[in-house]
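*Asks:* Below is the file input_9.cif, with mmCIF, C-alpha atoms.
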data_target
loop_
_atom_site.label_atom_id
_atom_site.label_comp_id
_atom_site.auth_asym_id
_atom_site.auth_seq_id
_atom_site.Cartn_x
_atom_site.Cartn_y
_atom_site.Cartn_z
CA MET Y 1 258.17 196.23 71.83
CA PRO Y 2 255.76 193.95 73.80
CA THR Y 3 255.90 190.23 73.15
CA PHE Y 4 252.97 188.31 71.73
CA ASP Y 5 252.17 186.90 75.18
CA GLU Y 6 252.19 190.40 76.67
CA MET Y 7 249.86 191.63 73.92
CA MET Y 8 247.49 188.77 74.63
CA GLU Y 9 247.56 189.63 78.33
CA ASP Y 10 246.58 193.21 77.42
CA ASP Y 11 243.47 191.84 75.66
CA SER Y 12 242.26 190.00 78.75
CA PRO Y 13 239.03 191.30 80.36
CA GLN Y 14 239.61 194.25 82.67
CA PRO Y 15 237.62 194.94 85.84
CA PRO Y 16 235.03 197.69 85.42
CA SER Y 17 236.16 201.22 86.19
CA PRO Y 18 234.64 203.17 89.10
CA GLU Y 19 232.90 205.39 86.51
CA HIS Y 20 231.33 202.32 84.92
CA LEU Y 21 230.03 201.03 88.26
CA GLU Y 22 228.70 204.47 89.19
CA ALA Y 23 226.84 204.75 85.88
CA LEU Y 24 225.20 201.36 86.39
CA GLN Y 25 224.22 202.32 89.92
CA GLU Y 26 222.65 205.55 88.67
CA ILE Y 27 220.58 203.60 86.14
CA ARG Y 28 219.60 201.16 88.88
CA ASP Y 29 218.51 203.97 91.19
CA ARG Y 30 216.50 205.74 88.50
CA CYS Y 31 214.76 202.49 87.60
CA HIS Y 32 213.80 201.71 91.18
CA LYS Y 33 212.29 205.15 91.65
CA VAL Y 34 209.74 204.49 88.91
CA GLY Y 35 209.22 200.77 89.53
CA ILE Y 36 211.31 199.37 86.68
CA LYS Y 37 212.83 196.10 87.90
CA THR Y 38 216.50 195.35 87.34
CA GLU Y 39 218.63 192.23 87.51
CA ASP Y 40 222.40 192.01 88.01
CA GLU Y 41 224.47 189.47 86.12
CA ILE Y 42 228.06 188.98 85.00
CA PHE Y 43 228.83 189.11 81.28
CA PHE Y 44 230.18 185.94 79.62
CA ASP Y 45 233.78 187.19 80.01
CA GLY Y 46 233.41 186.56 83.75
CA VAL Y 47 234.37 190.11 84.72
CA THR Y 48 232.08 192.72 83.13
CA PRO Y 49 228.91 193.52 85.10
CA GLU Y 50 225.64 193.31 83.17
CA LEU Y 51 222.58 195.23 84.30
CA ASN Y 52 219.29 193.97 82.88
CA LEU Y 53 216.34 196.35 82.81
CA LEU Y 54 212.93 194.65 82.72
CA PHE Y 55 211.55 197.41 80.55
CA PRO Y 56 207.86 198.07 79.86
CA ALA Y 57 206.51 197.47 76.35
CA GLY Y 58 202.77 197.83 76.77
CA LYS Y 59 201.49 194.65 78.41
CA GLN Y 60 204.83 192.97 77.77
CA ILE Y 61 208.17 193.25 79.50
CA VAL Y 62 211.34 193.37 77.40
CA THR Y 63 214.84 192.85 78.79
CA ILE Y 64 217.38 195.55 77.96
CA SER Y 65 220.96 194.63 78.84
CA VAL Y 66 223.52 197.29 79.70
CA ASN Y 67 227.12 196.03 79.60
CA SER Y 68 229.54 198.81 78.69
CA LEU Y 69 230.10 202.28 80.04
CA GLU Y 70 229.11 203.66 76.61
CA GLU Y 71 225.73 201.89 76.78
CA ALA Y 72 225.15 203.17 80.30
CA LYS Y 73 225.98 206.77 79.29
CA ALA Y 74 223.65 206.55 76.28
CA LEU Y 75 220.72 205.70 78.56
CA LEU Y 76 221.66 208.24 81.21
CA ASN Y 77 221.74 211.01 78.62
CA ILE Y 78 217.97 210.70 78.11
CA GLN Y 79 214.99 210.53 80.42
CA PHE Y 80 214.59 206.83 79.66
CA GLU Y 81 212.05 206.32 82.47
CA ASP Y 82 209.43 208.21 80.48
CA PHE Y 83 209.67 205.88 77.48
CA GLN Y 84 208.23 202.51 76.60
CA LEU Y 85 209.25 200.13 73.85
CA ALA Y 86 206.64 199.73 71.12
CA GLY Y 87 205.43 196.17 70.78
CA ASP Y 88 207.28 194.06 68.22
CA TYR Y 89 208.89 197.05 66.50
CA ARG Y 90 212.29 198.56 67.05
CA ALA Y 91 210.59 201.65 68.32
CA ILE Y 92 210.13 203.86 71.39
CA ILE Y 93 207.14 205.88 72.57
CA ASN Y 94 206.73 208.67 75.10
CA GLN Y 95 203.19 209.57 76.09
CA LYS Y 96 204.26 212.71 77.98
CA LEU Y 97 205.98 214.13 74.92
CA GLY Y 98 203.44 212.78 72.44
CA TYR Y 99 206.36 211.16 70.67
CA ILE Y 100 206.89 207.94 68.68
CA GLU Y 101 210.12 206.94 66.94
CA ALA Y 102 210.64 203.74 64.94
CA ALA Y 103 213.44 202.35 62.80
CA PHE Y 104 212.77 201.75 59.12
CA GLY Y 105 214.66 200.33 56.18
CA GLY Y 106 214.32 198.96 52.68
CA LEU Y 107 211.72 196.21 52.37
CA PHE Y 108 214.15 193.95 50.52
CA GLY Y 109 217.23 194.87 52.49
CA GLN Y 110 218.49 197.52 50.08
CA PRO Y 111 221.88 199.02 50.95
CA GLN Y 112 221.90 202.20 53.01
CA VAL Y 113 223.24 204.11 50.03
CA ILE Y 114 219.90 203.59 48.25
CA LEU Y 115 218.06 205.32 51.10
CA ILE Y 116 220.65 208.08 51.29
CA ARG Y 117 220.43 208.84 47.57
CA ASN Y 118 216.85 208.03 46.56
CA LEU Y 119 214.98 208.99 49.73
CA PHE Y 120 217.05 211.75 51.24
CA GLY Y 121 218.57 213.08 48.02
CA LYS Y 122 222.08 213.13 49.38
CA GLN Y 123 224.97 212.25 47.09
CA VAL Y 124 227.47 209.74 48.45
CA LYS Y 125 230.81 208.90 46.92
CA GLN Y 126 231.27 205.24 46.12
CA SER Y 127 234.44 205.18 48.20
CA GLY Y 128 232.76 206.71 51.24
CA SER Y 129 231.28 204.77 54.14
CA GLU Y 130 227.50 204.72 54.10
CA GLU Y 131 227.36 204.34 57.88
CA SER Y 132 229.36 207.55 58.47
CA VAL Y 133 227.00 209.72 56.42
CA LYS Y 134 225.30 212.39 58.53
CA LEU Y 135 222.18 213.93 57.04
CA GLN Y 136 222.00 217.69 56.81
CA THR Y 137 218.86 219.75 57.45
CA GLU Y 138 218.14 220.05 53.75
CA ASN Y 139 218.15 216.27 53.38
CA ILE Y 140 215.74 215.51 56.22
CA ILE Y 141 212.12 214.84 55.27
CA HIS Y 142 209.89 216.97 57.53
CA LEU Y 143 206.10 216.96 57.05
CA LYS Y 144 203.36 218.73 59.02
CA ASP Y 145 199.62 218.22 59.21
CA ALA Y 146 198.34 221.77 58.60
CA SER Y 147 194.73 220.81 59.27
CA THR Y 148 195.12 220.79 63.06
CA GLN Y 149 195.86 223.59 65.53
CA THR Y 150 198.80 221.66 66.98
CA PRO Y 151 200.10 219.97 63.85
CA ILE Y 152 201.39 216.44 64.01
CA GLU Y 153 204.87 216.33 62.52
CA ILE Y 154 206.56 213.48 60.69
CA ILE Y 155 210.33 213.36 60.33
CA LEU Y 156 212.45 210.88 58.40
CA SER Y 157 216.06 211.38 59.42
CA ASP Y 158 219.02 210.05 61.33
CA ALA Y 159 218.01 208.39 64.59
CA SER Y 160 217.44 210.89 67.40
CA PRO Y 161 219.35 210.94 70.72
CA TYR Y 162 216.26 209.33 72.27
CA TYR Y 163 216.48 206.33 69.96
CA LEU Y 164 220.27 206.16 70.18
CA GLY Y 165 219.94 206.06 73.96
CA PHE Y 166 218.12 202.74 73.73
CA ALA Y 167 219.78 201.34 70.60
CA PRO Y 168 223.06 199.95 72.05
CA SER Y 169 221.53 198.14 75.03
CA ALA Y 170 218.53 196.90 73.00
CA GLY Y 171 220.75 195.61 70.20
CA TRP Y 172 219.30 197.94 67.57
CA GLY Y 173 221.66 198.97 64.79
CA GLU Y 174 219.44 200.88 62.37
CA LYS Y 175 220.58 204.32 61.26
CA TYR Y 176 217.34 205.97 60.11
CA THR Y 177 214.06 206.44 61.93
CA LEU Y 178 210.53 207.71 61.45
CA GLN Y 179 209.63 210.22 64.17
CA ILE Y 180 206.04 211.25 64.92
CA ILE Y 181 205.79 214.42 67.03
CA ASN Y 182 202.83 216.11 68.78
CA CYS Y 183 200.65 213.03 68.57
CA GLU Y 184 198.13 211.90 71.20
CA PHE Y 185 197.62 208.36 72.47
CA GLU Y 186 196.50 206.84 75.74
CA SER Y 187 198.18 203.44 75.57
CA ASN Y 188 201.03 201.53 74.01
CA GLU Y 189 198.56 199.76 71.75
CA GLN Y 190 197.11 203.06 70.47
CA ALA Y 191 200.63 204.35 69.78
CA ILE Y 192 201.45 201.27 67.72
CA LYS Y 193 198.24 201.59 65.68
CA LEU Y 194 199.03 205.26 65.02
CA LEU Y 195 202.60 204.37 64.04
CA GLU Y 196 201.40 201.67 61.64
CA LYS Y 197 198.70 203.87 60.12
CA ILE Y 198 201.09 206.75 59.40
CA ALA Y 199 204.02 204.57 58.32
CA HIS Y 200 202.00 202.45 55.88
CA SER Y 201 200.42 205.53 54.30
CA LEU Y 202 203.68 207.45 54.02
CA PHE Y 203 205.71 204.47 52.78
CA PHE Y 204 203.08 203.67 50.14
CA GLN Y 205 203.34 207.28 48.88
CA ILE Y 206 207.13 206.99 48.82
CA ASP Y 207 206.97 203.71 46.91
CA LEU Y 208 204.64 205.18 44.26
CA ASN Y 209 206.78 208.28 43.80
CA LEU Y 210 210.30 206.92 44.25
CA ALA Y 211 209.85 203.17 43.56
CA LEU Y 212 211.43 202.64 46.98
CA PRO Y 213 209.55 200.10 49.17
CA LEU Y 214 210.15 200.74 52.88
CA THR Y 215 209.09 198.94 56.03
CA LEU Y 216 209.15 199.38 59.79
CA ILE Y 217 211.79 197.13 61.27
CA LYS Y 218 210.73 194.57 63.83
CA LYS Y 219 212.72 193.13 66.69
CA THR Y 220 214.74 190.06 65.88
CA ARG Y 221 213.13 186.96 67.27
CA THR Y 222 215.31 184.18 68.57
CA ARG Y 223 214.50 180.78 67.15
CA SER Y 224 215.39 177.35 68.38
CA SER Y 225 217.82 175.30 66.35
CA ARG Y 226 215.62 174.07 63.53
CA ARG Y 227 218.24 171.57 62.39
CA LYS Y 228 219.31 170.20 65.74
CA GLN Y 229 217.98 166.75 64.89
CA PHE Y 230 220.28 166.59 61.85
CA ILE Y 231 223.47 168.00 63.36
CA GLN Y 232 226.16 165.52 64.32
CA SER Y 233 229.45 166.70 65.78
CA GLY Y 234 232.32 165.89 63.43
CA LYS Y 235 229.98 164.60 60.73
CA GLN Y 236 231.93 164.17 57.50
CA LEU Y 237 230.53 165.04 54.11
CA ILE Y 238 230.37 162.22 51.58
CA PHE Y 239 230.09 162.13 47.81
CA PRO Y 240 226.38 162.42 46.95
CA THR Y 241 224.67 159.09 46.30
CA THR Y 242 221.16 160.41 45.64
CA HIS Y 243 219.65 163.33 43.78
CA ILE Y 244 216.42 165.31 44.15
CA ASP Y 245 214.33 166.86 41.41
CA VAL Y 246 215.85 170.21 40.44
CA LYS Y 247 212.47 171.99 40.33
CA ALA Y 248 211.60 170.76 43.81
CA MET Y 249 214.95 171.98 45.13
CA SER Y 250 214.42 175.41 43.58
CA LEU Y 251 211.18 175.66 45.57
CA TYR Y 252 213.03 174.55 48.71
CA TRP Y 253 215.81 177.14 48.35
CA TYR Y 254 213.21 179.81 47.66
CA ALA Y 255 211.46 178.94 50.94
CA ARG Y 256 214.75 178.93 52.84
CA SER Y 257 215.55 182.42 51.53
CA ALA Y 258 212.26 183.97 52.75
CA ARG Y 259 213.31 184.16 56.41
CA ALA Y 260 211.93 187.65 56.99
CA MET Y 261 208.52 186.84 55.46
CA PRO Y 262 206.79 184.11 57.51
CA LEU Y 263 203.69 183.69 55.31
CA LEU Y 264 205.77 183.40 52.17
CA GLN Y 265 208.16 181.00 53.85
CA PHE Y 266 205.36 178.73 55.06
CA ILE Y 267 203.79 178.59 51.60
CA GLY Y 268 207.24 178.04 50.08
CA PHE Y 269 207.82 174.90 52.15
CA TYR Y 270 204.22 173.80 51.51
CA GLN Y 271 204.88 174.03 47.76
CA VAL Y 272 207.83 171.68 48.20
CA VAL Y 273 205.47 169.07 49.66
CA GLU Y 274 202.80 169.90 47.08
CA PHE Y 275 205.25 169.31 44.23
CA PHE Y 276 205.14 165.59 44.98
CA PHE Y 277 201.35 165.30 45.32
CA PRO Y 278 200.85 163.67 41.88
CA SER Y 279 203.23 160.78 42.51
CA PHE Y 280 202.02 159.91 46.00
CA SER Y 281 198.33 160.50 45.28
CA ALA Y 282 198.65 158.20 42.24
CA GLN Y 283 200.03 155.43 44.47
CA ASP Y 284 197.06 155.75 46.81
CA THR Y 285 194.58 155.79 43.91
CA ILE Y 286 196.14 152.64 42.44
CA ARG Y 287 195.71 150.91 45.80
CA LYS Y 288 192.06 151.98 46.00
CA LEU Y 289 191.39 150.85 42.42
CA ARG Y 290 192.98 147.49 43.04
CA ASN Y 291 190.86 146.92 46.13
CA PHE Y 292 187.70 148.07 44.34
CA ILE Y 293 188.23 145.74 41.39
CA LYS Y 294 189.08 142.80 43.66
CA ASP Y 295 185.70 143.20 45.38
CA PRO Y 296 183.51 140.24 44.26
CA ARG Y 297 180.60 142.67 43.89
CA PHE Y 298 182.36 144.63 41.14
CA ASP Y 299 180.69 143.96 37.80
CA ILE Y 300 182.29 145.31 34.65
CA GLN Y 301 178.91 145.01 32.88
CA ASN Y 302 177.16 147.12 35.52
CA ASP Y 303 176.96 150.85 34.77
CA LEU Y 304 176.76 151.73 38.48
CA SER Y 305 179.97 149.81 39.20
CA MET Y 306 181.71 151.56 36.32
CA ALA Y 307 180.46 154.95 37.50
CA LYS Y 308 181.98 154.33 40.94
CA LEU Y 309 185.20 153.32 39.23
CA LEU Y 310 185.25 156.60 37.28
CA VAL Y 311 184.88 158.56 40.52
CA LEU Y 312 187.95 156.82 41.93
CA VAL Y 313 190.14 157.52 38.90
CA LYS Y 314 188.93 161.09 38.29
CA PRO Y 315 192.06 163.22 38.75
CA ALA Y 316 192.18 166.53 40.56
CA ARG Y 317 193.90 169.58 39.08
CA ARG Y 318 197.22 167.93 39.97
CA GLY Y 319 197.16 164.34 41.10
CA PHE Y 320 194.21 162.36 42.40
CA GLY Y 321 191.76 163.30 45.12
CA SER Y 322 191.19 166.58 46.95
CA GLU Y 323 194.18 168.72 47.92
CA PHE Y 324 193.84 167.69 51.56
CA GLU Y 325 193.74 164.00 50.60
CA GLN Y 326 196.85 164.45 48.47
CA LEU Y 327 198.63 166.22 51.33
CA LEU Y 328 197.67 163.46 53.74
CA ASN Y 329 198.75 160.69 51.33
CA THR Y 330 202.08 162.40 50.74
CA LEU Y 331 202.79 162.80 54.46
CA ARG Y 332 201.76 159.20 55.19
CA ALA Y 333 204.14 157.98 52.51
CA CYS Y 334 207.11 160.06 53.68
CA ILE Y 335 206.80 160.69 57.43
CA VAL Y 336 207.45 158.25 60.25
CA PRO Y 337 205.02 159.09 63.11
CA ASN Y 338 207.62 158.49 65.84
CA GLU Y 339 210.09 160.85 64.14
CA LEU Y 340 207.40 163.51 63.84
CA ARG Y 341 206.43 163.17 67.49
CA GLU Y 342 210.09 163.35 68.51
CA PHE Y 343 210.54 166.52 66.45
CA LEU Y 344 207.49 168.20 68.01
CA ASN Y 345 208.71 167.40 71.53
CA GLU Y 346 212.38 168.09 70.87
CA GLU Y 347 212.48 171.79 71.82
CA GLU Y 348 210.70 173.11 74.90
CA ASP Y 349 209.51 176.27 73.11
CA ARG Y 350 208.14 174.25 70.21
CA LYS Y 351 206.46 171.74 72.51
CA ALA Y 352 204.90 174.50 74.62
CA PHE Y 353 203.59 176.23 71.52
CA PHE Y 354 201.83 173.17 70.10
CA GLU Y 355 200.44 172.21 73.50
CA THR Y 356 199.34 175.61 74.77
CA HIS Y 357 199.67 178.49 72.30
CA TYR Y 358 198.74 176.73 69.05
CA LYS Y 359 195.41 178.61 68.70
CA SER Y 360 197.22 181.84 67.87
CA VAL Y 361 197.64 180.44 64.34
CA SER Y 362 195.16 177.58 63.91
CA LYS Y 363 192.60 175.84 66.10
CA LYS Y 364 193.76 172.47 64.78
CA GLN Y 365 195.56 170.84 67.70
CA LEU Y 366 198.34 168.29 67.45
CA PRO Y 367 197.93 165.41 69.97
CA LEU Y 368 201.45 165.42 71.37
CA ARG Y 369 200.56 163.61 74.58
CA ASP Y 370 198.41 160.87 73.04
CA ALA Y 371 200.80 158.20 71.77
CA ASN Y 372 197.91 156.28 70.17
CA SER Y 373 196.59 159.22 68.14
CA ASP Y 374 196.86 159.57 64.36
CA LEU Y 375 199.49 162.31 64.47
CA ILE Y 376 200.03 162.32 60.69
CA THR Y 377 196.35 163.05 59.97
CA GLU Y 378 196.13 165.79 62.60
CA THR Y 379 199.33 167.36 61.29
CA ALA Y 380 197.88 167.36 57.77
CA HIS Y 381 194.73 169.08 59.08
CA ARG Y 382 196.78 171.83 60.79
CA VAL Y 383 199.11 172.39 57.84
CA TYR Y 384 196.20 172.52 55.38
CA ASP Y 385 194.24 174.91 57.61
CA ILE Y 386 197.17 177.34 57.78
CA ARG Y 387 197.72 177.03 54.03
CA CYS Y 388 194.06 177.97 53.45
CA ARG Y 389 194.25 180.92 55.83
CA ILE Y 390 197.25 182.31 53.96
CA ILE Y 391 195.91 181.72 50.44
CA HIS Y 392 192.27 182.36 51.48
CA THR Y 393 190.88 179.34 49.66
CA LYS Y 394 189.49 176.00 50.72
CA GLU Y 395 187.89 173.34 48.57
CA GLU Y 396 185.06 172.34 50.88
CA THR Y 397 184.06 175.78 52.16
CA SER Y 398 183.38 179.20 50.75
CA GLU Y 399 186.06 181.85 51.00
CA ALA Y 400 183.82 183.93 53.26
CA GLU Y 401 184.17 181.30 55.98
CA ILE Y 402 187.96 181.60 56.10
CA GLU Y 403 189.62 184.06 58.44
CA PRO Y 404 192.66 185.31 56.52
CA LEU Y 405 196.13 185.17 58.01
CA LEU Y 406 197.58 188.57 57.14
CA PRO Y 407 201.21 189.68 56.71
CA PHE Y 408 202.79 191.69 59.55
CA SER Y 409 200.04 190.58 61.97
CA LYS Y 410 200.71 189.09 65.41
CA GLU Y 411 199.39 185.77 64.06
CA ALA Y 412 201.95 185.86 61.27
CA GLU Y 413 204.67 186.54 63.83
CA SER Y 414 203.49 183.45 65.73
CA LEU Y 415 204.17 181.16 62.77
CA THR Y 416 207.71 180.29 63.86
CA SER Y 417 206.93 176.80 65.19
CA ASP Y 418 204.62 175.99 62.30
CA ILE Y 419 207.31 177.07 59.83
CA GLU Y 420 209.72 174.74 61.59
CA LEU Y 421 207.11 171.99 61.26
CA ILE Y 422 206.43 172.48 57.52
CA ASP Y 423 210.20 172.77 56.95
CA PHE Y 424 210.68 169.42 58.70
CA LEU Y 425 207.93 167.85 56.57
CA ALA Y 426 209.37 169.29 53.36
CA VAL Y 427 212.82 167.88 54.14
CA LYS Y 428 211.37 164.45 54.84
CA VAL Y 429 209.39 164.50 51.57
CA LEU Y 430 212.49 165.53 49.63
CA ILE Y 431 214.49 162.72 51.18
CA ALA Y 432 211.76 160.16 50.52
CA SER Y 433 211.49 161.32 46.90
CA SER Y 434 215.22 161.24 46.16
CA ALA Y 435 216.58 158.80 43.61
CA LYS Y 436 219.92 157.12 43.04
CA LEU Y 437 222.47 159.46 41.57
CA ASN Y 438 223.62 158.21 38.18
CA LEU Y 439 226.40 160.22 36.56
#
Starting from the file, give its structure as structure tokens.
*Replies:*
Amino acid sequence: MPTFDEMMEDDSPQPPSPEHLEALQEIRDRCHKVGIKTEDEIFFDGVTPELNLLFPAGKQIVTISVNSLEEAKALLNIQFEDFQLAGDYRAIINQKLGYIEAAFGGLFGQPQVILIRNLFGKQVKQSGSEESVKLQTENIIHLKDASTQTPIEIILSDASPYYLGFAPSAGWGEKYTLQIINCEFESNEQAIKLLEKIAHSLFFQIDLNLALPLTLIKKTRTRSSRRKQFIQSGKQLIFPTTHIDVKAMSLYWYARSARAMPLLQFIGFYQVVEFFFPSFSAQDTIRKLRNFIKDPRFDIQNDLSMAKLLVLVKPARRGFGSEFEQLLNTLRACIVPNELREFLNEEEDRKAFFETHYKSVSKKQLPLRDANSDLITETAHRVYDIRCRIIHTKEETSEAEIEPLLPFSKEAESLTSDIELIDFLAVKVLIASSAKLNL
């Protein structure tokens, strides 16, 4: 029987087999024939070769990494050169074949067994593995458009060999896909629009009939460490000395849980800040009242003076002043400008977004380079503008003047840095609003 040390030695990385190297070379050759660029690297184990394919996805280029022999064989088993990846979706398209295939799943992350039973009508034993279930012909959903000479076909089933060829190297793990066959499109963009049009219509029908909300699955986006500024190596937990309002924390946890829904997550963090509007807007109103009354020109016997006083104390729906004024007052009371500027410049991706790509979400720019600027005010303007685009309301303008920010749009997908920003602001407001913990 081998010793523990010998067993550990057996687990050490092994050099690639000749078959593995030959498979990678075949992929490399096939790529070069059609102009797909490749890059050679070594996997993190220091031994395994990694072949990166700079694969076309419309106007974008997506990196597909092939590490194992199994991944290489999966690609070689299909004519991968004829495919493109489809935008932000976990999907493939083939213009020659008139073919689109995209992964789908439950909108709220329902277990696979729900899809197997409710959608495909296949019974699964509780003790059985959901992942090992193979759909039979009678379980597959197959629809045809009978109104055309060459009918477009829609299939909901297990992922096809085409999809499975890309799945391992692209990091896709979904089991079920929507396949569109015999369709015509001239570009990647047209294919995506067709995919969305058919998927939304079909999924809406399924939801109405089966109460099963489905969605196309998008590629996972990598995000910078949103909590890097708080992480300290070896930091020890201490007994809590402060507490935060329970209702405010429920809003915060709700926002933290909405990771897959950017619009909802942004509004969730905004509501955390909004929760404290009344207290901070009241402080600002008290200051204004005090200054107004101290003015030698104020005359308690003068109706005009009293009318101006009433305007100052007139409360809004919650708190005092317009919603933007309350937002600004809250941020001014809780945020240190230098800390905010440091946060915005902390990550290169975040800094680049707010300097260069910020217009994809809002035209309100943050003056990162101008150390003398009023960063708090400009941040309030940007946050409030995004809030209005999501909710489609604004106090000083009509709704018709607001361009809505819609779910599942490219703009919504670009909210990552702004979500990190509103999360940062919400945390700071929570900290500033905490009180001494008395047990």
*Asks:* Using only C-alpha atoms, determine which residues lie at most 8 Å from Y:His392, disregarding the query and same-chain residues fewer than 4 positions distant; provide the list as number ranges by chain.
*Replies:* Y: 388, 399, 402-404
*Asks:* Could you jot down the atom CA of Y:Ala57 to atom CA of Y:Gln84 separation for me, Å, one decimal place?
*Replies:*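 Atom-to-atom, atom CA of Y:Ala57 and atom CA of Y:Gln84 are spaced 5.3 Å apart.
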*Asks:* With distances taken over all atoms listed in the file, which residue among Y:Gln205, Y:Gln79, Y:Thr215, Y:Thr242 lies nearest Y:Gly165?
*Replies:*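 Once distances to Y:Gly165 are computed over all atoms listed in the file, the minimum belongs to Y:Gln79.
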*Asks:* Of the candidates Y:Met249, Y:Ala435, Y:Ala380, Y:Ile36, which one gets nearest to Y:Phe83 if we count all atoms listed in the file?
*Replies:*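 Of Y:Met249, Y:Ala435, Y:Ala380, Y:Ile36, the one nearest Y:Phe83, counting all atoms listed in the file, is Y:Ile36.
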*Asks:* What residues have an atom no more than 9 Å from (226.2, 200.6, 86.8) in the file's own frame, counting all atoms listed in the file, and can you write them as a list of chain:residue names?
*Replies:*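 Those residues, ordered by chain and then number, are Y:Glu19, Y:His20, Y:Leu21, Y:Glu22, Y:Ala23, Y:Leu24, Y:Gln25, Y:Glu26, Y:Ile27, Y:Arg28, Y:Pro49, Y:Glu50, Y:Leu51, Y:Val66, Y:Asn67, Y:Ser68, Y:Leu69, Y:Ala72.
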*Asks:* What is the atom CA of Y:Asp245-atom CA of Y:Ile390 distance in Å, reported with one decimal?
*Replies:*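 We find that atom CA of Y:Asp245 and atom CA of Y:Ile390 lie 26.2 Å from each other.
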*Asks:* Would you mind telling me which residue in Y:Phe120, Y:Trp172, Y:Phe353, Y:Phe80 lies nearest to Y:Lys218 when using all atoms listed in the file?
*Replies:*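 Closest residue, counting all atoms listed in the file: Y:Trp172.
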*Asks:* Any chance you could resolve the PyMOL selection byres ((chain Y and resi 170) around 10) against this file and give the residues as a list in words?
*Replies:* Val62, Thr63, Ile64, Ser65, Val66, Glu71, Leu85, Arg90, Leu164, Gly165, Phe166, Ala167, Pro168, Ser169, Gly171, Trp172, Gly173 and Lys219 of chain Y
*Asks:* Apply the PyMOL selection byres ((chain Y and resi 190) around 12) to the structure shown and report the selected residues as an MDAnalysis selection string.
*Replies:* chainID Y and resid 58 86:87 93 95 98 100 183:189 191:197
*Asks:* On this structure, the PyMOL selection byres ((chain Y and resi 211) around 12) would catch which residues? List them as a PyMOL selection string, sorted by chain and number.
*Replies:* chain Y and resi 106-107+114-115+118-119+203-210+212-214
*Asks:* Please identify all polymer residues within 12 Å of Y:Tyr254, counting all atoms listed in the file, omitting same-chain residues fewer than 2 positions from it, and present them as a PyMOL selection string.
*Replies:* chain Y and resi 247-252+256-259+261+264-272
